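Below is the file start_12.txt, which contains compact mmCIF, C-alpha atoms.
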```txt
# COMPACT_ATOMS: atom_id res chain seq x y z
CA MET A 14 16.13 -28.37 10.78
CA SER A 15 16.06 -25.93 7.90
CA ASP A 16 18.03 -22.98 9.27
CA PRO A 17 20.55 -22.35 6.45
CA THR A 18 23.31 -21.27 8.86
CA LEU A 19 23.04 -24.51 10.80
CA LEU A 20 23.04 -26.52 7.59
CA VAL A 21 26.15 -24.73 6.34
CA LEU A 22 27.94 -25.28 9.69
CA SER A 23 26.98 -28.97 9.65
CA SER A 24 28.31 -29.31 6.13
CA LEU A 25 31.60 -27.62 6.98
CA ALA A 26 31.99 -29.71 10.14
CA GLU A 27 33.04 -32.55 7.82
CA GLY A 28 35.71 -30.51 6.03
CA ASP A 29 36.36 -27.40 3.93
CA LYS A 30 34.01 -26.86 0.98
CA HIS A 31 33.22 -24.20 -1.60
CA GLY A 32 29.69 -22.95 -2.25
CA TYR A 33 28.52 -25.49 -4.83
CA ALA A 34 29.98 -28.43 -2.85
CA MET A 35 28.11 -27.19 0.25
CA MET A 36 24.83 -27.02 -1.71
CA GLN A 37 25.25 -30.61 -2.95
CA ASP A 38 26.28 -31.90 0.48
CA ILE A 39 23.32 -30.23 2.22
CA GLU A 40 20.94 -31.66 -0.37
CA THR A 41 22.38 -35.12 0.27
CA PHE A 42 22.36 -35.18 4.08
CA ALA A 43 19.34 -32.95 4.80
CA GLY A 44 17.26 -33.17 1.62
CA VAL A 45 17.14 -29.37 1.54
CA HIS A 46 17.97 -27.44 -1.61
CA LEU A 47 19.52 -24.10 -0.75
CA GLY A 48 19.42 -21.51 -3.55
CA PRO A 49 22.62 -19.52 -4.24
CA GLY A 50 21.10 -16.38 -2.69
CA THR A 51 20.11 -18.21 0.50
CA LEU A 52 23.48 -19.98 0.73
CA TYR A 53 25.49 -16.79 0.40
CA GLY A 54 23.15 -15.02 2.82
CA ALA A 55 24.04 -17.71 5.37
CA ILE A 56 27.76 -17.56 4.51
CA THR A 57 27.72 -13.76 4.97
CA ARG A 58 26.02 -14.04 8.38
CA LEU A 59 28.32 -16.86 9.56
CA GLU A 60 31.41 -14.94 8.51
CA GLU A 61 30.14 -11.82 10.29
CA CYS A 62 29.76 -13.92 13.46
CA GLY A 63 33.23 -15.38 13.02
CA TRP A 64 31.95 -18.97 12.83
CA ILE A 65 33.43 -19.64 9.37
CA ARG A 66 36.26 -18.10 7.36
CA PRO A 67 37.72 -18.46 3.87
CA ALA A 68 40.16 -21.35 3.67
CA GLY A 69 43.50 -20.77 1.98
CA ALA A 70 44.20 -18.23 -0.73
CA LYS A 71 41.36 -16.34 -2.41
CA THR A 72 40.11 -18.16 -5.51
CA ARG A 73 36.97 -17.96 -7.66
CA ARG A 74 35.61 -21.15 -6.07
CA GLN A 75 36.42 -20.07 -2.56
CA PRO A 76 36.39 -22.86 0.05
CA TYR A 77 35.31 -22.09 3.61
CA THR A 78 36.32 -23.64 6.88
CA ILE A 79 34.53 -23.77 10.22
CA THR A 80 36.26 -21.92 13.08
CA SER A 81 36.55 -23.24 16.62
CA SER A 82 33.85 -20.86 17.83
CA GLY A 83 31.67 -22.03 14.93
CA ARG A 84 32.18 -25.63 15.97
CA ALA A 85 31.23 -24.76 19.56
CA HIS A 86 28.13 -22.96 18.36
CA LEU A 87 27.14 -25.89 16.16
CA GLN A 88 27.64 -28.30 19.05
CA GLN A 89 25.44 -26.17 21.30
CA GLN A 90 22.70 -25.88 18.66
CA LEU A 91 22.73 -29.59 17.88
CA ALA A 92 22.56 -30.49 21.59
CA SER A 93 19.55 -28.22 21.91
CA LEU A 94 17.93 -29.82 18.87
CA GLN A 95 18.71 -33.27 20.22
CA GLN A 96 16.94 -32.40 23.45
CA ILE A 97 13.89 -31.20 21.49
CA VAL A 98 13.86 -34.36 19.36
CA LYS A 99 14.23 -36.57 22.42
CA THR A 100 11.40 -34.85 24.28
CA GLY A 101 9.15 -34.84 21.23
CA LEU A 102 9.67 -38.53 20.55
CA SER A 103 9.09 -39.49 24.17
CA ARG A 104 5.84 -37.48 24.25
CA MET A 105 4.72 -39.11 21.02
CA LYS A 106 5.17 -42.53 22.63
CA HIS A 107 3.00 -41.60 25.61
CA ALA A 108 0.29 -39.90 23.55
CA MET B 1286 18.58 -17.70 -17.56
CA LYS B 1287 22.23 -17.85 -16.60
CA ARG B 1288 22.72 -14.41 -18.09
CA LEU B 1289 19.72 -13.11 -16.15
CA ALA B 1290 21.13 -14.56 -12.94
CA GLY B 1291 24.40 -12.78 -13.75
CA VAL B 1292 22.51 -9.52 -14.16
CA LEU B 1293 20.67 -10.10 -10.87
CA ILE B 1294 23.96 -10.18 -8.99
CA ARG B 1295 24.12 -6.47 -9.72
CA LEU B 1296 21.10 -6.00 -7.44
CA TYR B 1297 23.27 -6.91 -4.45
CA PRO B 1298 24.87 -4.07 -2.46
CA PHE B 1299 28.06 -2.75 -4.02
CA ASN B 1300 30.29 -3.52 -1.05
CA TRP B 1301 28.91 -7.03 -0.78
CA ARG B 1302 29.72 -7.62 -4.45
CA GLN B 1303 33.22 -6.32 -3.87
CA ARG B 1304 33.73 -9.06 -1.27
CA TYR B 1305 31.67 -12.00 -2.58
CA GLY B 1306 30.87 -11.11 -6.21
CA GLU B 1307 33.55 -13.21 -7.90
CA GLU B 1308 32.92 -16.43 -5.96
CA PHE B 1309 29.17 -15.88 -6.17
CA GLU B 1310 29.47 -15.70 -9.98
CA ALA B 1311 31.51 -18.91 -9.93
CA LEU B 1312 28.75 -20.59 -7.92
CA LEU B 1313 26.12 -19.46 -10.43
CA GLU B 1314 28.23 -20.91 -13.24
CA ASP B 1315 28.11 -24.32 -11.50
CA HIS B 1316 24.48 -24.10 -10.41
CA PRO B 1317 21.66 -24.83 -12.88
CA ALA B 1318 19.80 -21.57 -13.49
CA THR B 1319 16.05 -21.89 -12.93
CA LEU B 1320 13.17 -19.54 -12.18
CA ARG B 1321 13.53 -20.59 -8.55
CA THR B 1322 17.15 -19.41 -8.63
CA VAL B 1323 16.01 -16.01 -9.90
CA PHE B 1324 13.52 -15.62 -7.02
CA ASP B 1325 16.18 -16.80 -4.59
CA LEU B 1326 18.61 -14.18 -5.90
CA LEU B 1327 15.99 -11.43 -5.68
CA LYS B 1328 15.14 -12.40 -2.11
CA GLY B 1329 18.82 -12.62 -1.20
CA ALA B 1330 19.57 -9.19 -2.70
CA LEU B 1331 16.73 -7.56 -0.75
CA LYS B 1332 17.89 -9.19 2.50
CA MET B 1333 21.46 -8.04 1.89
CA HIS B 1334 20.29 -4.47 1.36
CA LEU B 1335 18.23 -4.60 4.55
CA ASN B 1336 21.32 -5.82 6.42
CA VAL B 1337 23.24 -2.73 5.42
CA PRO B 1338 22.65 -0.18 8.21
CA ALA B 1339 22.93 2.76 5.81
CA PHE B 1340 20.24 1.26 3.56
CA SER B 1341 17.93 0.53 6.50
CA ARG B 1342 18.21 4.13 7.64
CA LEU B 1343 17.69 5.42 4.11
CA ALA B 1344 14.68 3.12 3.55
CA ALA B 1345 13.14 4.09 6.90
CA ALA B 1346 13.61 7.81 6.20
CA LEU B 1347 12.26 7.69 2.63
CA SER B 1348 9.35 5.42 3.58
CA THR B 1349 8.33 7.77 6.39
CA ALA B 1350 8.67 10.76 4.07
CA GLY B 1351 6.57 8.95 1.45
CA LEU B 1352 3.92 8.10 4.03
CA LEU B 1353 3.67 11.71 5.16
CA ALA B 1354 3.69 12.98 1.58
CA GLY B 1355 0.85 10.58 0.74
CA LEU B 1356 -1.14 11.89 3.70
CA ALA B 1357 -0.47 15.50 2.64
CA VAL B 1358 -1.48 14.84 -0.97
CA SER B 1359 -4.73 13.23 0.20
CA PHE B 1360 -5.69 16.55 1.82
CA PHE B 1361 -5.27 18.37 -1.49
CA CYS B 1362 -7.65 16.02 -3.33
CA SER B 1363 -11.23 17.24 -3.35
CA PRO B 1364 -13.65 14.83 -1.64
CA ARG B 1365 -15.94 12.71 -3.79
CA TYR B 1366 -19.46 11.77 -2.70
CA VAL B 1367 -21.58 8.99 -4.16
CA SER B 1368 -25.36 8.95 -4.15
CA THR B 1369 -27.12 5.70 -5.01
CA ALA B 1370 -30.69 4.74 -5.85
CA GLU B 1371 -32.14 1.33 -6.61
CA LEU B 1372 -34.96 0.79 -9.07
CA SER B 1373 -36.84 -2.20 -10.38
CA TYR B 1374 -38.43 -2.62 -13.73
CA ARG B 1375 -41.38 -4.97 -14.37
CA PRO B 1376 -43.38 -5.66 -17.52
CA ALA B 1377 -46.68 -3.76 -17.46
CA PHE B 1378 -48.36 -5.87 -20.20
CA LEU B 1379 -49.75 -2.78 -21.85
CA SER B 1380 -50.65 -4.64 -24.98
CA ARG B 1381 -51.58 -8.26 -25.62
CA ASP B 1382 -49.51 -8.17 -28.76
CA PHE B 1383 -46.42 -6.89 -27.03
CA THR B 1384 -44.34 -8.64 -24.40
CA PRO B 1385 -41.42 -6.40 -23.59
CA ASN B 1386 -37.89 -7.72 -23.41
CA LEU B 1387 -36.76 -6.17 -20.13
CA MET B 1388 -33.06 -6.21 -20.84
CA GLU B 1389 -33.51 -4.77 -24.31
CA GLU B 1390 -35.76 -2.00 -23.03
CA PHE B 1391 -33.43 -1.25 -20.14
CA MET B 1392 -30.49 -0.92 -22.51
CA ARG B 1393 -32.53 1.33 -24.80
CA PHE B 1394 -33.56 3.56 -21.89
CA LYS B 1395 -30.02 3.64 -20.59
CA GLY B 1396 -28.75 4.58 -24.05
CA SER B 1397 -31.26 7.40 -24.38
CA ILE B 1398 -30.49 8.72 -20.88
CA LEU B 1399 -26.75 8.66 -21.48
CA SER B 1400 -27.13 10.29 -24.89
CA ARG B 1401 -25.39 13.55 -25.61
CA THR B 1402 -28.67 15.52 -25.66
CA SER B 1403 -29.90 14.07 -22.39
CA LEU B 1404 -26.62 14.60 -20.53
CA SER B 1405 -26.08 18.11 -21.88
CA MET B 1406 -29.54 19.02 -20.55
CA ILE B 1407 -28.65 17.67 -17.10
CA ILE B 1408 -25.27 19.40 -17.11
CA GLN B 1409 -26.76 22.74 -18.13
CA ASP B 1410 -29.72 22.50 -15.76
CA PRO B 1411 -29.35 25.67 -13.63
CA ARG B 1412 -30.91 23.94 -10.61
CA LEU B 1413 -28.14 21.33 -10.57
CA ASN B 1414 -25.29 23.57 -11.70
CA LEU B 1415 -22.97 20.62 -12.37
CA TYR B 1416 -19.33 20.81 -13.46
CA GLU B 1417 -19.12 24.57 -13.02
CA SER B 1418 -15.31 24.75 -13.10
CA GLU B 1419 -14.94 22.10 -15.82
CA ARG B 1420 -17.41 23.91 -18.08
CA ALA B 1421 -15.41 27.11 -17.68
CA ARG B 1422 -12.26 25.53 -19.11
CA LEU B 1423 -13.37 22.50 -21.17
CA PRO B 1424 -15.61 22.08 -24.20
CA LEU B 1425 -19.07 20.68 -23.37
CA GLU B 1426 -18.28 17.46 -25.26
CA ASP B 1427 -15.43 16.68 -22.85
CA VAL B 1428 -17.61 17.39 -19.83
CA ILE B 1429 -20.30 15.07 -21.24
CA ASP B 1430 -17.71 12.34 -21.78
CA LYS B 1431 -16.45 12.73 -18.22
CA MET B 1432 -19.96 12.54 -16.83
CA ARG B 1433 -20.85 9.51 -18.94
CA ASN B 1434 -17.62 7.55 -18.48
CA GLU B 1435 -16.52 8.46 -14.97
CA ASP B 1436 -19.32 9.80 -12.84
CA ILE B 1437 -22.56 8.05 -13.82
CA HIS B 1438 -22.86 4.34 -13.12
CA ILE B 1439 -26.04 2.52 -14.13
CA GLU B 1440 -25.67 -1.19 -13.41
CA ILE B 1441 -28.00 -4.15 -13.26
CA ASP B 1442 -28.06 -6.03 -9.98
CA PRO B 1443 -28.09 -9.65 -11.21
CA ALA B 1444 -28.64 -11.04 -7.69
CA ASN B 1445 -32.01 -9.24 -7.46
CA SER B 1446 -33.18 -9.75 -11.05
CA VAL B 1447 -35.22 -12.55 -12.61
CA PRO B 1448 -34.98 -12.73 -16.41
CA GLY B 1449 -38.31 -11.94 -18.04
CA GLN B 1450 -40.01 -11.07 -14.74
CA PHE B 1451 -38.25 -8.16 -13.18
CA LEU B 1452 -34.97 -6.37 -13.36
CA THR B 1453 -33.29 -4.45 -10.55
CA PHE B 1454 -30.69 -1.80 -11.26
CA ARG B 1455 -28.73 0.86 -9.44
CA ILE B 1456 -27.99 4.41 -10.45
CA ARG B 1457 -24.94 6.02 -8.87
CA PHE B 1458 -23.51 9.45 -9.37
CA VAL B 1459 -20.18 10.73 -8.09
CA SER B 1460 -19.78 14.42 -7.31
CA ASP B 1461 -17.75 16.71 -5.10
CA ASP B 1462 -21.02 17.95 -3.57
CA PRO B 1463 -23.28 15.49 -1.71
CA VAL B 1464 -26.47 17.43 -2.48
CA LYS B 1465 -25.62 17.64 -6.19
CA ALA B 1466 -24.89 13.90 -6.20
CA ARG B 1467 -28.32 13.15 -4.76
CA ASP B 1468 -30.19 15.64 -6.98
CA THR B 1469 -28.50 14.32 -10.11
CA VAL B 1470 -29.53 10.75 -9.29
CA GLN B 1471 -33.06 12.04 -8.74
CA THR B 1472 -32.95 13.72 -12.18
CA LEU B 1473 -31.73 10.49 -13.76
CA ILE B 1474 -34.63 8.60 -12.16
CA VAL B 1475 -37.08 11.12 -13.59
CA LYS B 1476 -35.47 10.65 -17.00
CA PHE B 1477 -35.90 6.89 -16.70
CA MET B 1478 -39.56 7.41 -15.82
CA ASP B 1479 -40.06 9.78 -18.76
CA ALA B 1480 -38.47 7.28 -21.13
CA ASN B 1481 -40.65 4.54 -19.72
CA LEU B 1482 -43.78 6.65 -20.08
CA THR B 1483 -42.93 7.61 -23.64
CA GLN B 1484 -42.44 3.93 -24.44
CA ALA B 1485 -45.79 3.03 -22.80
CA ARG B 1486 -47.62 5.70 -24.82
CA ALA B 1487 -46.02 4.48 -28.03
CA ILE B 1488 -47.24 0.95 -27.31
CA GLN B 1489 -50.73 2.24 -26.48
CA ILE B 1490 -50.98 4.20 -29.71
CA ALA B 1491 -49.78 1.24 -31.75
CA GLY B 1492 -52.21 -1.09 -29.91
CA SER B 1493 -55.19 1.28 -30.26
CA ALA B 1494 -54.61 1.78 -33.96
CA SER B 1495 -54.60 -1.90 -34.68
CA THR B 1496 -57.74 -2.51 -32.55
CA GLU B 1497 -59.62 0.31 -34.26
CA ASP B 1498 -58.68 -1.05 -37.67
CA GLU B 1499 -59.94 -4.50 -36.72
CA VAL B 1500 -63.28 -3.16 -35.31
CA SER B 1501 -63.85 -1.05 -38.40
CA ARG B 1502 -63.14 -4.02 -40.66
CA LEU B 1503 -65.60 -6.24 -38.71
CA GLU B 1504 -68.32 -3.55 -38.76
CA GLN B 1505 -68.01 -3.26 -42.54
CA ARG B 1506 -68.30 -7.04 -42.92
CA LEU B 1507 -71.38 -7.15 -40.64
CA ALA B 1508 -73.06 -4.33 -42.58
CA ALA B 1509 -72.41 -6.19 -45.86
CA ILE B 1510 -73.94 -9.42 -44.46
CA GLU B 1511 -77.01 -7.55 -43.10
CA LYS B 1512 -77.49 -5.86 -46.44
CA HIS B 1513 -77.21 -9.20 -48.23
CA LEU B 1514 -79.78 -10.78 -45.91
CA GLY B 1515 -82.06 -7.74 -46.10
CA ILE B 1516 -81.90 -7.11 -42.40
CA VAL B 1517 -82.33 -3.56 -41.36
CA SER B 1518 -80.75 -3.11 -38.02
CA PRO B 1519 -82.02 -0.36 -35.75
CA ALA B 1520 -79.79 2.55 -35.33
CA GLN B 1521 -77.61 1.92 -32.34
CA PRO B 1522 -75.78 4.45 -30.31
CA ALA B 1523 -72.10 4.55 -30.97
CA ALA B 1524 -70.18 2.25 -28.65
CA PRO B 1525 -68.27 4.08 -25.95
CA PRO B 1526 -64.55 4.14 -26.52
CA ALA B 1527 -62.61 1.38 -24.76
CA PRO B 1528 -61.42 2.50 -21.35
CA LEU B 1529 -57.84 3.64 -21.39
CA VAL B 1530 -55.42 1.61 -19.38
CA GLN B 1531 -53.39 3.75 -17.07
CA ARG B 1532 -49.92 3.84 -18.50
CA THR B 1533 -47.98 6.11 -16.20
CA GLY B 1534 -44.73 4.30 -15.53
CA LEU B 1535 -46.42 1.56 -13.54
CA ASN B 1536 -43.65 -0.84 -14.35
CA LEU B 1537 -40.81 1.24 -12.94
CA ASP B 1538 -40.52 1.26 -9.14
CA VAL B 1539 -38.06 3.16 -7.00
CA ILE B 1540 -36.97 0.65 -4.36
CA ASP B 1541 -34.42 2.89 -2.65
CA PRO B 1542 -34.59 6.64 -3.26
CA PRO B 1543 -31.36 8.56 -3.87
CA THR B 1544 -29.19 8.73 -0.79
CA LEU B 1545 -27.65 11.89 0.61
CA PRO B 1546 -24.06 10.78 1.23
CA ALA B 1547 -22.73 11.77 4.64
CA LYS B 1548 -19.10 10.78 4.10
CA PRO B 1549 -16.91 11.06 1.00
CA VAL B 1550 -15.75 7.82 -0.66
CA SER B 1551 -12.45 9.35 -1.70
CA PRO B 1552 -9.73 10.30 -1.14
CA ASN B 1553 -8.94 7.11 0.78
CA ARG B 1554 -6.19 8.36 3.06
CA ALA B 1555 -4.95 4.85 3.92
CA VAL B 1556 -4.37 4.09 0.23
CA PHE B 1557 -2.52 7.38 -0.28
CA MET B 1558 -0.34 6.69 2.76
CA LEU B 1559 0.42 3.12 1.71
CA GLY B 1560 1.24 4.32 -1.79
CA GLY B 1561 3.61 6.92 -0.36
CA LEU B 1562 5.23 4.31 1.89
CA GLY B 1563 5.76 1.94 -1.05
CA ALA B 1564 7.13 4.72 -3.25
CA GLY B 1565 9.55 5.77 -0.50
CA PHE B 1566 10.86 2.23 -0.07
CA ALA B 1567 11.17 1.75 -3.84
CA SER B 1568 13.14 5.02 -4.05
CA ALA B 1569 15.53 3.78 -1.36
CA LEU B 1570 16.08 0.56 -3.33
CA LEU B 1571 16.75 2.50 -6.53
CA ILE B 1572 19.17 4.82 -4.80
CA ALA B 1573 20.99 1.83 -3.28
CA LEU B 1574 21.23 0.16 -6.68
CA PHE B 1575 22.58 3.18 -8.47
CA GLN B 1576 24.79 4.56 -5.75
CA ARG B 1577 28.27 3.19 -6.22
CA ARG B 1578 29.31 3.33 -2.60
CA LEU B 1579 27.19 3.38 0.49
CA PRO B 1580 29.05 3.92 3.77
CA ALA B 1581 31.32 1.01 4.65
CA ILE B 1582 29.69 -2.32 5.45
CA PRO B 1583 31.47 -4.36 8.08
CA TYR B 1584 31.96 -7.51 6.02
CA PRO B 1585 34.55 -9.44 8.04
CA ALA B 1586 36.31 -10.68 4.92
CA GLN B 1587 37.45 -7.14 4.15
CA SER B 1588 39.93 -7.48 6.96
CA VAL B 1589 40.95 -11.05 6.07
```

Final structure tokens representation of the file:
Amino acid sequence: MSDPTLLVLSSLAEGDKHGYAMMQDIETFAGVHLGPGTLYGAITRLEECGWIRPAGAKTRRQPYTITSSGRAHLQQQLASLQQIVKTGLSRMKHA
Amino acid sequence: MKRLAGVLIRLYPFNWRQRYGEEFEALLEDHPATLRTVFDLLKGALKMHLNVPAFSRLAAALSTAGLLAGLAVSFFCSPRYVSTAELSYRPAFLSRDFTPNLMEEFMRFKGSILSRTSLSMIIQDPRLNLYESERARLPLEDVIDKMRNEDIHIEIDPANSVPGQFLTFRIRFVSDDPVKARDTVQTLIVKFMDANLTQARAIQIAGSASTEDEVSRLEQRLAAIEKHLGIVSPAQPAAPPAPLVQRTGLNLDVIDPPTLPAKPVSPNRAVFMLGGLGAGFASALLIALFQRRLPAIPYPAQSV
């Protein structure tokens, strides 16, 4: 799972975070280092889709929060991934 | 590096910077700046530009225009034809005292063929009528330089050469006329043969002179010995001169005669079109970077 948008949504599912905190969190739970350009590319796309929004007042280190539609999207994506993982592992056992 | 990263933010679309610029700068202050970060920022900036509909339309329009311009320019370039011949050079062993160094001789021949005198003769040969328009507006020296540095290519083929045994080389000539290209290569081959023949004759003369000197010296010694011993030798007819070895460029073979090119090698229309396409896209990027405001980008945060 290396889709930056999914990683950002997964990170924000735990709570509101600003850009640098998201980068550190993603590196910890997924072992993936997102560059600033990639991270803000994902943030821009997610905000366009309405799946995240800025949390609280505008500051230089702007935190973001996941919206309810973002949470639903993440749930759907993770379920799909889970199905893929389950099928893959079961096929590996029988191979 | 941090400063460079700060400068790279300016590559992002103006409206995007208006919305995210401040927090993006804050992130770069926290993030260690590496070469990887720079590439990531460049990639991100390009993606952001491509996401802007106005930029995509501008890039598509300018790239198409560039492609068509490249195609049009290619039609204005005069076609260039290349004729090629392949020759091999072997030692002829003209003299027992002389074993030629093939590479050295080849370089000497090449030097004499590409000399100013030799090339000016080829250029001014009325049968070839080369560089007619160039000669009308440029001094002969410049035309010679062009011919030597741009149009004539004489190269050894190392894959088909064995040091000390034989040497294969190619002569190529580029011209806007296929027949002139072929005839010029033919003339260059003849010049190689002439140079080879001249060299062979020089070796023969040097070899003959030394043999004659040696024979004369031996005859004088023999006569002195006969005189000392009181032997009177009968008059003998003069020995016939040693048969001449044929030395007519035996060691230079034409493997492939000059070709008559059917198709031009340039202009390469695909290269012109790709160049135009690239230039068009680069222009769109430059315009996007320097234009303060492209039409509004629907960043959702603008309405937050």

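Among the candidate residues B:Thr1349, B:Thr1322, B:Thr1544, B:Asn1300, the one lying nearest to chain A is B:Thr1322, with distances computed using only C-alpha atoms.
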
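Of the listed residues A:Met36, A:Leu25, A:Ile56, A:Leu19, the one whose atoms come nearest to Leu1312 of chain B is A:Met36, with distances taken using only C-alpha atoms.
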
Using all atoms listed in the file, find each residue in chain A having at least one atom no more than 10 Å away from chain B; report its shortest atom-to-atom pair and that distance in Å (one decimal), rows by chain then rising number, as CSV.
```
residue,atom,partner,partner_atom,distance
A:His31,CA,B:Leu1312,CA,8.5
A:Gly32,CA,B:Leu1312,CA,6.2
A:Tyr33,CA,B:Leu1312,CA,5.8
A:Ala34,CA,B:Leu1312,CA,9.4
A:Met36,CA,B:His1316,CA,9.2
A:Gln37,CA,B:His1316,CA,9.9
A:Leu47,CA,B:Asp1325,CA,8.9
A:Gly48,CA,B:Asp1325,CA,5.8
A:Pro49,CA,B:Leu1326,CA,6.9
A:Gly50,CA,B:Leu1326,CA,4.6
A:Thr51,CA,B:Gly1329,CA,6.0
A:Leu52,CA,B:Gly1329,CA,8.9
A:Tyr53,CA,B:Phe1309,CA,7.6
A:Gly54,CA,B:Gly1329,CA,6.4
A:Ala55,CA,B:Gly1329,CA,9.8
A:Ile56,CA,B:Tyr1305,CA,9.8
A:Thr57,CA,B:Tyr1584,CA,7.6
A:Arg58,CA,B:Tyr1584,CA,9.1
A:Leu59,CA,B:Pro1585,CA,9.8
A:Glu60,CA,B:Pro1585,CA,6.4
A:Glu61,CA,B:Pro1585,CA,5.5
A:Cys62,CA,B:Pro1585,CA,8.5
A:Gly63,CA,B:Pro1585,CA,7.9
A:Arg66,CA,B:Ala1586,CA,7.8
A:Pro67,CA,B:Ala1586,CA,8.0
A:Lys71,CA,B:Glu1308,CA,9.2
A:Thr72,CA,B:Glu1308,CA,7.4
A:Arg73,CA,B:Glu1308,CA,4.7
A:Arg74,CA,B:Glu1308,CA,5.4
A:Gln75,CA,B:Glu1308,CA,6.1
A:Pro76,CA,B:Glu1308,CA,9.5
```

What are the centre and the three edge lengths of an axis-aligned box that wraps all atoms of segment 21-26 of chain A in the file, given that 4 Å is added to every side, written as AutoDock Vina command-line options and rounded to one decimal in Å?
```
--center_x 29.1 --center_y -27.2 --center_z 8.1 --size_x 13.8 --size_y 13.0 --size_z 12.0
```

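With all atoms listed in the file as the basis for measurement, A:Ser23 is the residue among A:Glu40, A:Ser23, A:Pro17, A:Lys30 that approaches His86 of chain A most closely.
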
Surrounding residues of segment 1428-1436 of chain B excluding itself and chain neighbours under 5 positions, 12 Å, all atoms listed in the file, as a count of residues only: 38

Provide the atom CA of Ala1346 of chain B to atom CA of Ala1555 of chain B distance in Å, to one decimal place. 18.9 Å

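Interatomic distance, atom CA of Pro1543 of chain B to atom CA of Arg1467 of chain B: 5.6 Å.
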
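Separating atom CA of Ile1540 of chain B from atom CA of Ile1474 of chain B is a distance of 11.4 Å.
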
Restore N, CA and C atoms in segment 1464-1476 of chain B and list the result as a compact mmCIF listing (two decimals), in the coordinates of the input.
```
# COMPACT_ATOMS: atom_id res chain seq x y z
N VAL B 1464 -25.10 17.07 -2.08
CA VAL B 1464 -26.47 17.43 -2.48
C VAL B 1464 -26.62 17.31 -4.01
N LYS B 1465 -25.58 17.75 -4.73
CA LYS B 1465 -25.62 17.64 -6.19
C LYS B 1465 -25.65 16.17 -6.62
N ALA B 1466 -24.91 15.34 -5.88
CA ALA B 1466 -24.89 13.90 -6.20
C ALA B 1466 -26.30 13.34 -6.09
N ARG B 1467 -26.97 13.67 -4.98
CA ARG B 1467 -28.32 13.15 -4.76
C ARG B 1467 -29.30 13.71 -5.81
N ASP B 1468 -29.25 15.02 -6.05
CA ASP B 1468 -30.19 15.64 -6.98
C ASP B 1468 -30.00 15.12 -8.40
N THR B 1469 -28.75 14.83 -8.75
CA THR B 1469 -28.50 14.32 -10.11
C THR B 1469 -29.09 12.91 -10.26
N VAL B 1470 -28.93 12.10 -9.22
CA VAL B 1470 -29.53 10.75 -9.29
C VAL B 1470 -31.05 10.87 -9.41
N GLN B 1471 -31.61 11.82 -8.66
CA GLN B 1471 -33.06 12.04 -8.74
C GLN B 1471 -33.46 12.42 -10.17
N THR B 1472 -32.67 13.29 -10.80
CA THR B 1472 -32.95 13.72 -12.18
C THR B 1472 -32.86 12.52 -13.13
N LEU B 1473 -31.88 11.67 -12.88
CA LEU B 1473 -31.73 10.49 -13.76
C LEU B 1473 -32.92 9.55 -13.61
N ILE B 1474 -33.44 9.44 -12.38
CA ILE B 1474 -34.63 8.60 -12.16
C ILE B 1474 -35.81 9.17 -12.94
N VAL B 1475 -35.97 10.48 -12.87
CA VAL B 1475 -37.08 11.12 -13.59
C VAL B 1475 -36.93 10.87 -15.09
N LYS B 1476 -35.71 10.90 -15.57
CA LYS B 1476 -35.47 10.65 -17.00
C LYS B 1476 -35.83 9.21 -17.36
```
